[in-house]
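**Q** Got a file for you: run_14.tsv, TSV, C-alpha atoms.
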```tsv
chain	number	residue	atom	x	y	z
A	1	MET	CA	38.58	-17.09	-7.92
A	2	THR	CA	36.19	-16.70	-10.80
A	3	THR	CA	35.08	-19.21	-13.36
A	4	ALA	CA	34.92	-18.55	-17.09
A	5	GLY	CA	31.13	-18.51	-16.88
A	6	GLN	CA	31.13	-15.83	-14.20
A	7	THR	CA	33.55	-13.73	-16.25
A	8	SER	CA	31.35	-13.89	-19.35
A	9	VAL	CA	28.27	-12.93	-17.33
A	10	THR	CA	30.16	-9.96	-15.89
A	11	ALA	CA	31.20	-8.91	-19.39
A	12	LEU	CA	27.63	-9.09	-20.60
A	13	ILE	CA	26.46	-7.01	-17.66
A	14	CYS	CA	29.03	-4.30	-18.42
A	15	LEU	CA	28.02	-4.28	-22.07
A	16	ALA	CA	24.36	-3.97	-21.20
A	17	VAL	CA	24.95	-1.18	-18.68
A	18	ALA	CA	26.88	0.80	-21.22
A	19	SER	CA	24.30	0.51	-23.95
A	20	SER	CA	20.88	0.77	-22.28
A	21	ALA	CA	19.21	2.74	-19.54
A	22	ILE	CA	16.99	1.49	-16.76
A	23	VAL	CA	14.55	4.10	-15.56
A	24	LEU	CA	11.68	4.10	-13.08
A	25	ALA	CA	8.29	4.36	-14.77
A	26	ASP	CA	6.99	6.56	-11.92
A	27	ASP	CA	8.50	9.00	-9.50
A	28	SER	CA	9.06	6.76	-6.54
A	29	THR	CA	10.89	7.55	-3.35
A	30	ARG	CA	11.01	3.90	-2.35
A	31	VAL	CA	14.21	2.04	-2.92
A	32	THR	CA	13.56	-0.72	-5.40
A	33	ARG	CA	15.99	-3.44	-6.27
A	34	ILE	CA	15.93	-4.16	-9.98
A	35	THR	CA	17.18	-7.26	-11.75
A	36	HIS	CA	17.20	-7.47	-15.54
A	37	MET	CA	17.52	-10.93	-17.06
A	38	GLU	CA	18.30	-11.35	-20.73
A	39	ASP	CA	19.52	-14.19	-22.91
A	40	ALA	CA	21.14	-14.52	-26.32
A	41	SER	CA	17.75	-14.99	-27.98
A	42	SER	CA	16.90	-11.30	-27.51
A	43	ASP	CA	16.71	-9.90	-31.05
A	44	ARG	CA	16.71	-6.23	-30.22
A	45	MET	CA	18.78	-4.18	-27.82
A	46	PRO	CA	16.77	-2.27	-25.23
A	47	SER	CA	17.36	1.46	-25.26
A	48	VAL	CA	15.19	2.52	-22.32
A	49	THR	CA	13.87	-0.08	-19.91
A	50	ALA	CA	11.22	1.44	-17.65
A	51	VAL	CA	10.73	-0.31	-14.34
A	52	PRO	CA	7.20	-0.51	-12.95
A	53	GLN	CA	6.43	0.91	-9.56
A	54	TYR	CA	5.61	-1.70	-6.95
A	55	PRO	CA	1.87	-1.10	-6.32
A	56	GLU	CA	1.56	0.55	-2.91
A	57	ILE	CA	-1.44	-1.53	-1.83
A	58	ALA	CA	0.33	-4.73	-2.86
A	59	ARG	CA	3.36	-3.72	-0.84
A	60	ARG	CA	1.21	-2.79	2.15
A	61	ASP	CA	-0.69	-6.08	2.03
A	62	ARG	CA	2.49	-8.05	1.26
A	63	ILE	CA	1.24	-9.33	-2.09
A	64	GLU	CA	3.78	-10.64	-4.60
A	65	GLY	CA	3.08	-11.58	-8.20
A	66	GLU	CA	3.94	-11.15	-11.85
A	67	ALA	CA	2.66	-9.87	-15.17
A	68	THR	CA	3.66	-10.62	-18.75
A	69	VAL	CA	3.21	-7.98	-21.42
A	70	CYS	CA	3.58	-8.80	-25.13
A	71	TYR	CA	4.21	-6.22	-27.83
A	72	THR	CA	5.84	-5.58	-31.17
A	73	ILE	CA	8.94	-3.48	-31.77
A	74	ASP	CA	9.02	-1.41	-34.92
A	75	ALA	CA	12.09	-0.53	-36.97
A	76	ARG	CA	12.60	2.68	-35.01
A	77	GLY	CA	12.63	0.77	-31.73
A	78	ARG	CA	9.25	1.92	-30.58
A	79	ILE	CA	6.90	-0.40	-28.76
A	80	ARG	CA	3.62	-1.04	-30.50
A	81	ARG	CA	0.35	-2.68	-29.37
A	82	PRO	CA	1.36	-3.75	-25.87
A	83	THR	CA	-1.12	-6.14	-24.27
A	84	VAL	CA	-1.08	-7.97	-20.98
A	85	ARG	CA	-0.91	-11.68	-21.75
A	86	ARG	CA	-1.26	-12.84	-18.15
A	87	SER	CA	-0.98	-11.44	-14.67
A	88	SER	CA	-1.50	-12.67	-11.15
A	89	HIS	CA	-3.29	-9.45	-10.16
A	90	LYS	CA	-4.64	-6.46	-12.05
A	91	MET	CA	-2.49	-4.12	-9.91
A	92	PHE	CA	0.62	-5.70	-11.42
A	93	ALA	CA	-0.87	-5.70	-14.93
A	94	LYS	CA	-1.55	-1.97	-14.78
A	95	GLN	CA	1.93	-1.03	-13.58
A	96	SER	CA	3.63	-3.39	-16.06
A	97	LEU	CA	1.71	-1.98	-19.01
A	98	LYS	CA	2.58	1.54	-17.91
A	99	ALA	CA	6.28	0.64	-17.77
A	100	ILE	CA	6.26	-1.04	-21.17
A	101	LYS	CA	4.69	2.04	-22.74
A	102	LYS	CA	7.64	4.10	-21.45
A	103	SER	CA	10.25	1.64	-22.73
A	104	SER	CA	11.99	1.53	-26.09
A	105	TYR	CA	14.62	-0.34	-28.11
A	106	GLU	CA	17.54	0.73	-30.22
A	107	PRO	CA	16.44	1.48	-33.80
A	108	LEU	CA	17.56	-0.81	-36.58
A	109	ARG	CA	20.66	0.32	-38.41
A	110	SER	CA	20.32	1.27	-42.05
A	111	ASN	CA	21.87	-1.98	-43.25
A	112	GLN	CA	19.49	-4.07	-41.15
A	113	LYS	CA	16.25	-5.43	-42.51
A	114	ALA	CA	13.23	-3.54	-41.26
A	115	ALA	CA	11.50	-6.36	-39.50
A	116	VAL	CA	8.79	-5.98	-36.92
A	117	VAL	CA	9.62	-8.14	-33.94
A	118	LYS	CA	7.07	-9.55	-31.56
A	119	THR	CA	8.27	-10.23	-28.05
A	120	CYS	CA	7.15	-10.46	-24.42
A	121	ARG	CA	8.53	-9.16	-21.16
A	122	THR	CA	7.70	-10.58	-17.74
A	123	PHE	CA	7.85	-8.45	-14.62
A	124	ARG	CA	8.11	-10.23	-11.27
A	125	PHE	CA	7.12	-8.25	-8.23
A	126	LEU	CA	8.81	-9.60	-5.13
A	127	LEU	CA	9.26	-8.37	-1.58
A	128	LYS	CA	12.49	-9.03	0.22
A	129	PRO	CA	12.61	-8.90	4.01
A	130	VAL	CA	14.79	-6.12	5.30
A	131	ALA	CA	16.91	-6.90	8.32
A	132	ILE	CA	16.86	-4.21	10.97
A	133	GLU	CA	19.82	-3.84	13.22
A	134	GLU	CA	18.83	-2.89	16.72
A	135	ILE	CA	20.83	-0.07	18.20
A	136	GLU	CA	21.30	-0.14	21.95
B	1	MET	CA	-0.95	17.44	9.97
B	2	SER	CA	0.86	14.35	8.76
B	3	GLY	CA	1.35	10.62	9.23
B	4	PRO	CA	-0.82	8.87	11.80
B	5	ALA	CA	-2.54	12.12	12.77
B	6	ALA	CA	-3.82	12.60	9.23
B	7	PHE	CA	-4.73	8.95	9.03
B	8	ALA	CA	-6.75	9.20	12.25
B	9	ILE	CA	-9.27	11.40	10.41
B	10	ALA	CA	-10.29	8.35	8.43
B	11	LEU	CA	-11.12	6.58	11.67
B	12	ILE	CA	-13.76	9.00	12.89
B	13	THR	CA	-16.98	7.12	13.39
B	14	ALA	CA	-19.03	8.20	10.43
B	15	VAL	CA	-22.16	6.83	12.05
B	16	LEU	CA	-22.89	10.23	13.53
B	17	LEU	CA	-23.05	11.85	10.15
B	18	ILE	CA	-25.85	9.63	9.01
B	19	PRO	CA	-29.18	11.19	9.89
B	20	VAL	CA	-30.84	9.24	12.65
B	21	ALA	CA	-34.45	8.27	12.27
B	22	TRP	CA	-36.47	6.95	15.14
B	23	SER	CA	-40.04	6.62	16.21
B	24	GLU	CA	-41.32	8.38	19.30
B	25	GLU	CA	-45.00	8.27	20.09
B	26	SER	CA	-45.85	7.77	16.42
B	27	LYS	CA	-43.73	10.77	15.36
B	28	VAL	CA	-40.72	10.18	13.06
B	29	VAL	CA	-37.81	12.51	13.64
B	30	ILE	CA	-35.04	12.70	11.09
B	31	GLY	CA	-31.71	14.32	11.87
B	32	PRO	CA	-28.89	14.01	14.37
B	33	ARG	CA	-30.19	13.59	17.90
B	34	ASN	CA	-27.03	14.78	19.61
B	35	LEU	CA	-25.90	17.91	17.80
B	36	ASP	CA	-22.66	18.31	19.77
B	37	LEU	CA	-21.64	14.80	18.84
B	38	SER	CA	-22.56	15.32	15.21
B	39	ASP	CA	-20.79	18.69	14.95
B	40	GLY	CA	-17.82	17.24	16.81
B	41	ALA	CA	-17.49	14.49	14.23
B	42	GLN	CA	-17.69	17.06	11.44
B	43	GLU	CA	-14.92	19.13	13.03
B	44	LEU	CA	-12.74	16.06	13.51
B	45	LEU	CA	-13.28	15.01	9.90
B	46	ALA	CA	-12.31	18.51	8.82
B	47	GLY	CA	-9.05	18.13	10.76
B	48	ASN	CA	-10.02	20.57	13.52
B	49	ALA	CA	-9.09	18.25	16.33
B	50	ARG	CA	-9.36	20.60	19.30
B	51	GLU	CA	-12.78	21.96	18.36
B	52	GLY	CA	-13.93	18.46	17.51
B	53	LEU	CA	-12.77	17.07	20.83
B	54	GLU	CA	-14.44	19.86	22.78
B	55	LEU	CA	-17.78	19.29	21.05
B	56	THR	CA	-17.49	15.52	21.34
B	57	LEU	CA	-16.74	15.72	25.08
B	58	ARG	CA	-19.83	17.89	25.47
B	59	GLY	CA	-21.77	15.42	23.36
B	60	LEU	CA	-20.60	12.55	25.53
B	61	ARG	CA	-22.00	14.25	28.63
B	62	SER	CA	-25.44	14.44	27.03
B	63	ALA	CA	-25.22	11.11	25.20
B	64	GLN	CA	-28.35	9.04	25.29
B	65	GLY	CA	-28.12	5.33	24.79
B	66	LYS	CA	-25.27	2.94	24.11
B	67	ARG	CA	-24.90	3.86	20.46
B	68	GLU	CA	-24.29	7.55	21.09
B	69	LYS	CA	-21.95	6.88	23.97
B	70	GLU	CA	-19.89	4.43	21.95
B	71	ALA	CA	-19.69	6.80	18.97
B	72	ALA	CA	-18.48	9.55	21.30
B	73	LEU	CA	-15.83	7.33	22.90
B	74	SER	CA	-14.67	6.14	19.48
B	75	ASN	CA	-14.35	9.70	18.18
B	76	LEU	CA	-12.57	10.87	21.32
B	77	CYS	CA	-10.05	8.08	20.88
B	78	ALA	CA	-9.49	9.05	17.24
B	79	GLY	CA	-9.39	12.76	18.06
B	80	TYR	CA	-6.73	12.35	20.72
B	81	ILE	CA	-4.67	10.26	18.29
B	82	MET	CA	-4.88	13.22	15.90
B	83	ILE	CA	-3.25	15.52	18.43
B	84	ASP	CA	-0.81	12.84	19.53
B	85	ARG	CA	-2.16	12.55	23.08
B	86	LEU	CA	-1.90	8.81	23.11
B	87	ASP	CA	-2.61	8.29	26.83
B	88	SER	CA	-5.96	10.04	26.56
B	89	ALA	CA	-6.70	8.25	23.29
B	90	LEU	CA	-5.96	4.90	24.88
B	91	MET	CA	-8.19	5.69	27.85
B	92	TYR	CA	-11.20	6.38	25.60
B	93	CYS	CA	-10.50	3.35	23.40
B	94	ASN	CA	-10.33	1.16	26.49
B	95	MET	CA	-13.63	2.58	27.75
B	96	LEU	CA	-15.19	1.91	24.35
B	97	LEU	CA	-14.00	-1.68	24.21
B	98	LEU	CA	-15.14	-2.30	27.78
B	99	SER	CA	-18.59	-1.15	26.72
B	100	ASN	CA	-18.55	-3.13	23.45
B	101	ASP	CA	-15.93	-5.76	22.75
B	102	ARG	CA	-17.19	-6.17	19.14
B	103	HIS	CA	-16.45	-2.58	18.09
B	104	TRP	CA	-13.96	-3.01	15.23
B	105	ARG	CA	-13.14	0.71	15.05
B	106	GLY	CA	-12.14	0.57	18.70
B	107	TYR	CA	-9.68	-2.24	17.96
B	108	ASN	CA	-8.49	-0.38	14.88
B	109	ASN	CA	-7.80	2.83	16.80
B	110	ARG	CA	-6.22	1.07	19.75
B	111	ALA	CA	-3.98	-0.97	17.43
B	112	LEU	CA	-2.83	2.30	15.87
B	113	ILE	CA	-2.00	3.68	19.32
B	114	TYR	CA	-0.01	0.55	20.13
B	115	VAL	CA	1.86	0.76	16.81
B	116	MET	CA	2.73	4.40	17.57
B	117	ARG	CA	3.89	3.38	21.05
B	118	GLU	CA	5.85	0.44	19.61
B	119	GLU	CA	3.82	-2.04	21.65
B	120	TYR	CA	3.62	-4.47	18.79
B	121	GLU	CA	2.29	-7.56	20.53
B	122	LYS	CA	-0.74	-5.66	21.78
B	123	ALA	CA	-1.20	-4.09	18.35
B	124	GLU	CA	-1.17	-7.50	16.69
B	125	LYS	CA	-3.86	-8.83	19.05
B	126	ASP	CA	-6.12	-5.84	18.41
B	127	LEU	CA	-5.61	-6.10	14.66
B	128	ALA	CA	-6.56	-9.78	14.76
B	129	MET	CA	-9.70	-8.98	16.74
B	130	GLY	CA	-10.67	-6.13	14.44
B	131	GLN	CA	-10.15	-8.22	11.31
B	132	GLU	CA	-12.18	-11.04	12.77
B	133	ILE	CA	-15.11	-8.65	13.25
B	134	ASN	CA	-14.71	-6.77	9.97
B	135	PRO	CA	-12.31	-8.55	7.60
B	136	ASN	CA	-12.80	-6.05	4.76
B	137	ALA	CA	-12.22	-2.81	6.66
B	138	ARG	CA	-9.79	-0.67	4.68
B	139	THR	CA	-8.54	1.21	7.74
B	140	LEU	CA	-7.62	-2.06	9.43
B	141	LYS	CA	-5.56	-2.99	6.38
B	142	VAL	CA	-3.78	0.36	6.57
B	143	VAL	CA	-2.94	-0.08	10.26
B	144	LYS	CA	-1.88	-3.67	9.57
B	145	GLY	CA	0.46	-2.29	6.90
B	146	MET	CA	1.92	0.17	9.40
B	147	PHE	CA	2.36	-2.66	11.88
B	148	LEU	CA	4.07	-4.88	9.29
B	149	ASP	CA	6.32	-2.04	8.14
B	150	ALA	CA	7.45	-1.62	11.72
B	151	THR	CA	7.89	-5.29	12.55
B	152	HIS	CA	8.59	-7.01	9.21
B	153	PRO	CA	9.88	-4.36	6.80
B	154	VAL	CA	10.25	-5.35	3.18
B	155	SER	CA	11.99	-3.89	0.18
B	156	PRO	CA	10.43	-4.13	-3.29
B	157	ASN	CA	12.40	-6.20	-5.75
B	158	ILE	CA	11.41	-6.15	-9.41
B	159	ILE	CA	12.73	-8.68	-11.86
B	160	ILE	CA	12.49	-7.85	-15.55
B	161	ASP	CA	12.66	-11.09	-17.47
B	162	ASP	CA	13.31	-10.74	-21.20
B	163	ARG	CA	14.35	-14.35	-21.69
B	164	LYS	CA	12.60	-16.27	-24.41
B	165	ARG	CA	13.82	-19.55	-23.02
B	166	LYS	CA	14.71	-20.34	-19.45
B	167	SER	CA	18.19	-21.19	-20.70
B	168	ALA	CA	21.51	-21.27	-18.88
B	169	ASP	CA	23.10	-18.40	-20.81
B	170	VAL	CA	21.66	-15.57	-18.88
B	171	SER	CA	22.81	-12.03	-18.51
B	172	VAL	CA	21.78	-10.55	-15.20
B	173	LYS	CA	21.94	-6.85	-14.51
B	174	GLU	CA	21.19	-5.60	-11.03
B	175	GLN	CA	20.58	-2.10	-9.82
B	176	SER	CA	19.46	-0.74	-6.46
```
Before we go any further, please render this structure as structure tokens.

**A**
Amino acid sequence: MTTAGQTSVTALICLAVASSAIVLADDSTRVTRITHMEDASSDRMPSVTAVPQYPEIARRDRIEGEATVCYTIDARGRIRRPTVRRSSHKMFAKQSLKAIKKSSYEPLRSNQKAAVVKTCRTFRFLLKPVAIEEIE
Amino acid sequence: MSGPAAFAIALITAVLLIPVAWSEESKVVIGPRNLDLSDGAQELLAGNAREGLELTLRGLRSAQGKREKEAALSNLCAGYIMIDRLDSALMYCNMLLLSNDRHWRGYNNRALIYVMREEYEKAEKDLAMGQEINPNARTLKVVKGMFLDATHPVSPNIIIDDRKRKSADVSVKEQS
């Protein structure tokens, strides 16, 4: 049984999957679980969303944290002047900035006003315990 | 060479590579006192485990003083880890820690042996001892990471939050 709310969320997910791409900012062999949260206030549609690599030292030392990067989006969907607004650790700031620089948005259509939009994106770096099944 | 064997190179006691200066009847001598030990350490650092072990064993036989003996035992432990002879490595690490129970590299190397042998409780104790003696040692952090990966594995999870408000109408897209 699904509620109306769940159905609308599913629809939004399908729409987003069809229209934008999530890519890893670095070549990484590690399996990373990615969650992308958006709301109706997003003015521009992401075209390429680069995902930062989890810093290896942070993973090794079991450090979690987050970083927020703010930037402007030009009419062609390119990201301009990205700056780290806050971060819990410089390792996360560096990877987040790198990912933002590889991301882009859909360009404005010809009938849309060429407005420069300022926005921010927060990356949360979390570590989930992995259950190991013992084989006897 | 790969994995723990390659990592063991980082554990070679660098103390032997530092020129030793000491006073003897008002003369100051600068340079390694035990050449076999010094050359052995160089060979081990270069990844030539067998040559390094041979020289270090010879250096141990002519070792003078506690410092030289401990450096030899430490390097033998690391060298045997490099060639995956964990029983021999453990023997030399045990000898080292019997001689000096405050030798953090000894705990580091022995913890690595225990991780490789999947003796995690022993590894944890040695890591705790090593970190108590030298909390900032990078190699201890690396071995601790190997221990944690074996005992408490984690998977990175990255959340990209584009919300302007923490509102209820959220679209969530997940991908593994």

**Q** Excluding Leu44 in chain B and any residue of its chain fewer than 2 positions from it, enumerate the residues within 9 Å of it, using only C-alpha atoms, and give them as a PyMOL selection string.

**A** chain B and resi 9+12+39-42+46-53+75+78-79+82

**Q** Here is a test: counting all atoms listed in the file, which residue of A:Met45, A:Ser103, A:Glu66, A:Asn111 is nearest to Pro82 in chain A?

**A**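 When distances to Pro82 in chain A are compared using all atoms listed in the file, the smallest one comes from A:Ser103.
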
**Q** Rounded to one decimal, what separation in Å do you get between CA of Ala72 in chain B and CA of Leu57 in chain B?

**A** 7.4 Å

**Q** Taking (8.7, -0.6, -12.9) in the coordinates of the supplied file, I want to know which residues reach to within 6 Å of it, counting only C-alpha atoms; could you give the answer as a count of residues only?

**A** 7

**Q** Fewer than 4 positions away in the same chain doesn't count, so skip those; otherwise give me all residues within 10 Å of Asp43 in chain A, counting all atoms listed in the file, as JSON, numbers by chain.

**A** {"A": [39, 117, 118, 119]}

**Q** Please provide as number ranges by chain all residues within 10 Å of Asp74 in chain A, with the sequence filter that same-chain residues fewer than 3 positions apart are discarded (counting all atoms listed in the file).

**A** A: 71, 77-80, 104-108, 114-118

**Q** Chain A near chain B within 6 Å: what's each residue's closest atom pair and its distance in Å to one decimal, counting all atoms listed in the file, ordered by chain then ascending residue number, as a Markdown table?

**A**
```
| residue | atom | partner | partner_atom | distance |
| --- | --- | --- | --- | --- |
| A:Val9 | CA | B:Ser171 | CA | 5.7 |
| A:Ile13 | CA | B:Lys173 | CA | 5.5 |
| A:Thr32 | CA | B:Pro156 | CA | 5.1 |
| A:Arg33 | CA | B:Ser176 | CA | 4.4 |
| A:Ile34 | CA | B:Ile158 | CA | 5.0 |
| A:Thr35 | CA | B:Glu174 | CA | 4.4 |
| A:His36 | CA | B:Ile160 | CA | 4.7 |
| A:Met37 | CA | B:Val172 | CA | 4.7 |
| A:Glu38 | CA | B:Asp162 | CA | 5.0 |
| A:Asp39 | CA | B:Val170 | CA | 4.8 |
| A:Arg60 | CA | B:Gly145 | CA | 4.8 |
| A:Arg121 | CA | B:Asp162 | CA | 5.0 |
| A:Thr122 | CA | B:Asp161 | CA | 5.0 |
| A:Phe123 | CA | B:Ile160 | CA | 4.8 |
| A:Arg124 | CA | B:Ile159 | CA | 4.9 |
| A:Phe125 | CA | B:Ile158 | CA | 4.9 |
| A:Leu126 | CA | B:Asn157 | CA | 5.0 |
| A:Leu127 | CA | B:Pro156 | CA | 4.7 |
| A:Lys128 | CA | B:Ser155 | CA | 5.2 |
| A:Pro129 | CA | B:Val154 | CA | 4.3 |
| A:Val130 | CA | B:Val154 | CA | 5.1 |
```
